[in-house]
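Data block below; observations after.
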Amino acid sequence: MNRGRIFWIVVVLGVLGALYGTYCTIQSWDRIQHPVNEADFTTYYYAWKAIQLGENPYDVEVLWRLAKNDDISRTIQPYFYPPPFLLPSPLVRLPMSSLYLLWFWFDVLLGLISIVLLIGAWHRARPLIPWLVVLAFGCASTIILNHNKGQVNLLILSLVLGGWYALEHRKEVLAGVLVGIACMLKMSPVLFVMWWILRRRWTAVTAAFITGLCLSLITLAVVPWEVQLHFYTKTLPGFVSGGYNRLSVPIDLFGNHSLPDIYNRIWPAEGQGLSSVAQIFSSITLVAVLTGLALAFKRPPADARARAGQMSAVALAMLLVPVYTYEHHLMWVLPAAVAVIESALVGRLSRIWLLFGGFALLCQAINLETLIQLSANYRGDWFIVSELIRESKMASILILFAGTITLGRSGSLHESPRESTV
């Protein structure tokens with residue numbers, strides 16, 4: 001197929017993706033208002049309220065009591081985000097339902113910002129990138145789920161993509177500041193700082209470290225030091241065992257797409273969290289993934305495409321190793337799918353990766369409710385088919401992980417890149 005035809009096919013798919021994403025957003029807005037269901041946002045709201053009242057937001061009983069006082073009957077999940085996430089606590093002067101609806105549109109804006117930043121970071125001399133990014137974000141069920149639940153993931157994604165954009169434009173201090181903020185709102189982006197250490201981007205690393213330190217000091221104005229200490233000494237260590245501050249969501253919940261979930265299902269624990277065997281395998285996986293990436297990316301990336309592959313592989317590692325990788329975390333798959341598909345279309349990767357990347361995007365487009373129903377239809381005599389459907393999104397993560405590592409290592413001095421300029 002000639003290059004011009006490929007380009008226009010991708011343009012049409014991108015436009016269709018944008019229209020579909022707009023339609024889903026409008027439908028989602030209509031649905032969440034009747035009645036208003038604050039979903040995961042409830043936890044953030046009552047954590048902010050707790051700190052405003054001088055109480056410990058990491059104490060689950062405090063959140064339950066505050067919710068009960070407001071006649072909230074639904075279960076409030078524990079709060080386990082870093083202390084700087086409590087800085088917006090003055091917002092609780094607004095009613096929770098109003099703040100949640102405002103957050104919905106803030107989240108939509110963050111999604112658009114993420115699209116612009118990813119395009120800005122990767123678009124140079126790569127005309128397919130904008131349309132593939134719009135297609136990926138427009139069709140992904142994870143984006144709409146984040147809007148619905150009032151989740152924080154798009155905020156973290158936009159900060160990290162801002163860091164990618166800044167780094168591609170040789171603004172290492174800005175990159176460090178943005179990723180440093182992301183790390184202090186949710187700990188997992190620290191893997192990108194580790195990638196910078198591997199690449200000896202010391203300016204970005206230093207900026208990220210100083211940003212984290214300054215944010216912690218600023219947070220003292222809102223969050224007392226003993227509450228911050230509680231997070232780092234009691235809440236944070238529980239992430240290893242799966243005891244996310246007494247989170248009541250079962251690890252084997254349908255929609256958990258992490259490798260520790262597989263270990264948990266093979267070696268289940270009697271109570272909450274991972275069993276000792278599952279913990280051991282999870283720790284081995286963490287070390288293996290980080291070591292494997294360090295060895296695979298020992299040499300600097302040959303160019304912008306290889307750099308995109310390496311950054312995307314790090315993003316996918318953030319999904320594979322935690323105990324919980326729920327549906328709303330899967331937006332980190334989207335840059336990887338774009339990088340792999342674009343590189344396959346221009347010949348940097350084998351065309352088989354176009355098939356794999358397309359499969360990954362299809363998996364991300366199927367919403368969780370549909371996946372649950374499809375899996376249930378084959379339960380019983382077709383148990384293996386049911387399990388394959390259940391784990392299809394995790395399979396797509398693993399496939400893209402292999403693809404991004406291949407891309408991250410491509411174009412070296414020992415290879416002759418075959419890509420065209422589509």
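Please note that chains go A, B, ... in the order of the structure tokens, that every chain numbers its residues from 1, and that ligands are numbered from 1 in the order shown.
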Please build the interface table for region 73-143 of chain A against region 343-355 of chain A with a cut-off of 10 Å, listing for each qualifying residue the nearest atom pair and the distance in Å to one decimal; count only C-alpha atoms, order rows by chain and increasing number, and write it as JSON lines.
```
{"residue": "A:Arg126", "atom": "CA", "partner": "A:Val346", "partner_atom": "CA", "distance": 9.3}
{"residue": "A:Leu128", "atom": "CA", "partner": "A:Leu345", "partner_atom": "CA", "distance": 8.9}
{"residue": "A:Ile129", "atom": "CA", "partner": "A:Ser343", "partner_atom": "CA", "distance": 9.8}
```
I need the residue nearest Thr235 (chain A) from this list: A:Ile266, A:Val177, A:Leu247, A:Val11. Use only C-alpha atoms for the distance.
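Between A:Ile266, A:Val177, A:Leu247, A:Val11, the residue approaching Thr235 (chain A) most closely is A:Leu247.
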Mind listing the helix (DSSP H, G or I) residues of region 234-298 of chain A, per DSSP on the backbone, as a PyMOL selection string?
-> chain A and resi 234-235+238-241+259-266+276-296
Keeping only C-alpha atoms, write the selected residues as a PDB file, in the first residue's frame.
```pdb
ATOM      1  CA  LYS A 234       2.708   2.885  57.443  1.00  0.00           C
ATOM      2  CA  THR A 235       0.671   3.422  54.278  1.00  0.00           C
ATOM      3  CA  GLY A 238       1.615  -1.711  52.397  1.00  0.00           C
ATOM      4  CA  PHE A 239       1.775  -1.334  48.614  1.00  0.00           C
ATOM      5  CA  VAL A 240       4.221  -4.239  48.437  1.00  0.00           C
ATOM      6  CA  SER A 241       1.872  -6.666  50.186  1.00  0.00           C
ATOM      7  CA  LEU A 259       0.923  -9.696  36.984  1.00  0.00           C
ATOM      8  CA  PRO A 260       0.582  -9.863  40.803  1.00  0.00           C
ATOM      9  CA  ASP A 261      -3.132 -10.516  40.219  1.00  0.00           C
ATOM     10  CA  ILE A 262      -2.158 -13.680  38.311  1.00  0.00           C
ATOM     11  CA  TYR A 263       0.078 -14.777  41.191  1.00  0.00           C
ATOM     12  CA  ASN A 264      -2.726 -14.027  43.639  1.00  0.00           C
ATOM     13  CA  ARG A 265      -5.135 -16.231  41.727  1.00  0.00           C
ATOM     14  CA  ILE A 266      -2.627 -19.097  41.691  1.00  0.00           C
ATOM     15  CA  SER A 276       3.599 -14.813  51.013  1.00  0.00           C
ATOM     16  CA  VAL A 277       4.283 -16.831  47.839  1.00  0.00           C
ATOM     17  CA  ALA A 278       2.519 -14.268  45.644  1.00  0.00           C
ATOM     18  CA  GLN A 279       4.504 -11.493  47.357  1.00  0.00           C
ATOM     19  CA  ILE A 280       7.770 -13.284  46.571  1.00  0.00           C
ATOM     20  CA  PHE A 281       6.855 -13.693  42.894  1.00  0.00           C
ATOM     21  CA  SER A 282       5.652 -10.094  42.718  1.00  0.00           C
ATOM     22  CA  SER A 283       8.977  -8.868  44.141  1.00  0.00           C
ATOM     23  CA  ILE A 284      10.892 -11.054  41.691  1.00  0.00           C
ATOM     24  CA  THR A 285       8.804  -9.629  38.845  1.00  0.00           C
ATOM     25  CA  LEU A 286       9.507  -6.065  39.945  1.00  0.00           C
ATOM     26  CA  VAL A 287      13.261  -6.678  40.050  1.00  0.00           C
ATOM     27  CA  ALA A 288      13.179  -8.617  36.764  1.00  0.00           C
ATOM     28  CA  VAL A 289      11.214  -5.918  34.922  1.00  0.00           C
ATOM     29  CA  LEU A 290      13.413  -3.059  36.135  1.00  0.00           C
ATOM     30  CA  THR A 291      16.638  -4.992  35.544  1.00  0.00           C
ATOM     31  CA  GLY A 292      15.430  -6.156  32.140  1.00  0.00           C
ATOM     32  CA  LEU A 293      14.617  -2.614  31.075  1.00  0.00           C
ATOM     33  CA  ALA A 294      17.972  -1.336  32.309  1.00  0.00           C
ATOM     34  CA  LEU A 295      19.806  -4.014  30.317  1.00  0.00           C
ATOM     35  CA  ALA A 296      17.621  -3.631  27.225  1.00  0.00           C
TER      36      ALA A 296
END
```
*Find the spatial neighbours of Ala308 (chain A), counting only C-alpha atoms, within a cut-off of 12 Å - ignore same-chain residues fewer than 6 positions away - and output them as a PyMOL selection string.*
chain A and resi 118-119+121-123+129+161+164-165+167-168+300-302+314-315+335-340+342-343+403-410
One residue among A:Trp131, A:Trp267, A:Phe297, A:Tyr58 is nearest to Arg199 (chain A) when using only C-alpha atoms, and that residue is A:Phe297
**Request:** For Ala208 (chain A), list every protein, DNA or RNA residue within 8 Å, evaluated using only C-alpha atoms, and leave out those in the same chain fewer than 5 positions away; present the list as a PyMOL selection string.
**Result:** chain A and resi 175-181+193
Next on the checklist: For a quick check of understanding, using only C-alpha atoms, which of A:Leu135, A:Leu217, A:Val333, A:Met318 has the smallest distance to Lys186 (chain A)?
Outcome noted: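 Looking at the shortest contact to Lys186 (chain A), the residue is A:Met318.
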Item checked: Which residue of A:Val173, A:Val152, A:Leu87, A:Val321 approaches Leu215 (chain A) most closely, using only C-alpha atoms ->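 Looking at the shortest contact to Leu215 (chain A), the residue is A:Leu87.
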Practice task
Quick one: everything within 12 Å of Glu226 (chain A), counting only C-alpha atoms, minus sequence neighbours fewer than 5 positions away in the same chain. Send it as a list of chain:residue names.
Solution key: A:Gly54, A:Glu55, A:Asn56, A:Pro57, A:Tyr58, A:Pro83, A:Leu220, A:Phe231, A:Tyr232, A:Thr233, A:Lys234
Need to verify the contact set: Gln364 (chain A), 9 Å, only C-alpha atoms, exclusion of same-chain residues closer than 6 positions in sequence. Can you return it as a tab-separated table (two decimals) with C-alpha atoms, in the first residue's frame?
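Once written, out39.tsv looks like this:
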```
chain	number	residue	atom	x	y	z
A	136	ALA	CA	-6.21	5.94	20.54
A	139	CYS	CA	-11.69	5.02	21.38
A	140	ALA	CA	-10.17	4.05	24.74
A	141	SER	CA	-12.74	3.01	27.36
A	142	THR	CA	-10.27	3.90	30.11
A	330	LEU	CA	-4.83	1.65	31.34
A	331	MET	CA	-4.43	5.06	29.71
A	333	VAL	CA	-1.16	1.79	27.26
A	334	LEU	CA	-2.16	4.44	24.71
A	393	LYS	CA	-6.14	-6.45	28.25
A	396	SER	CA	-2.21	-6.52	25.18
```
- Task: Return the single residue from A:Tyr326, A:Phe192, A:Phe356, A:Tyr378 that is closest to Asn153 (chain A), with distances computed using only C-alpha atoms.
- Result: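 Among the listed residues, the smallest separation from Asn153 (chain A) belongs to A:Tyr326.
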The residue from A:Pro82, A:Val92, A:Thr25, A:Val15 with the smallest atom-to-atom distance to Trp48 (chain A), counting only C-alpha atoms, is A:Val92
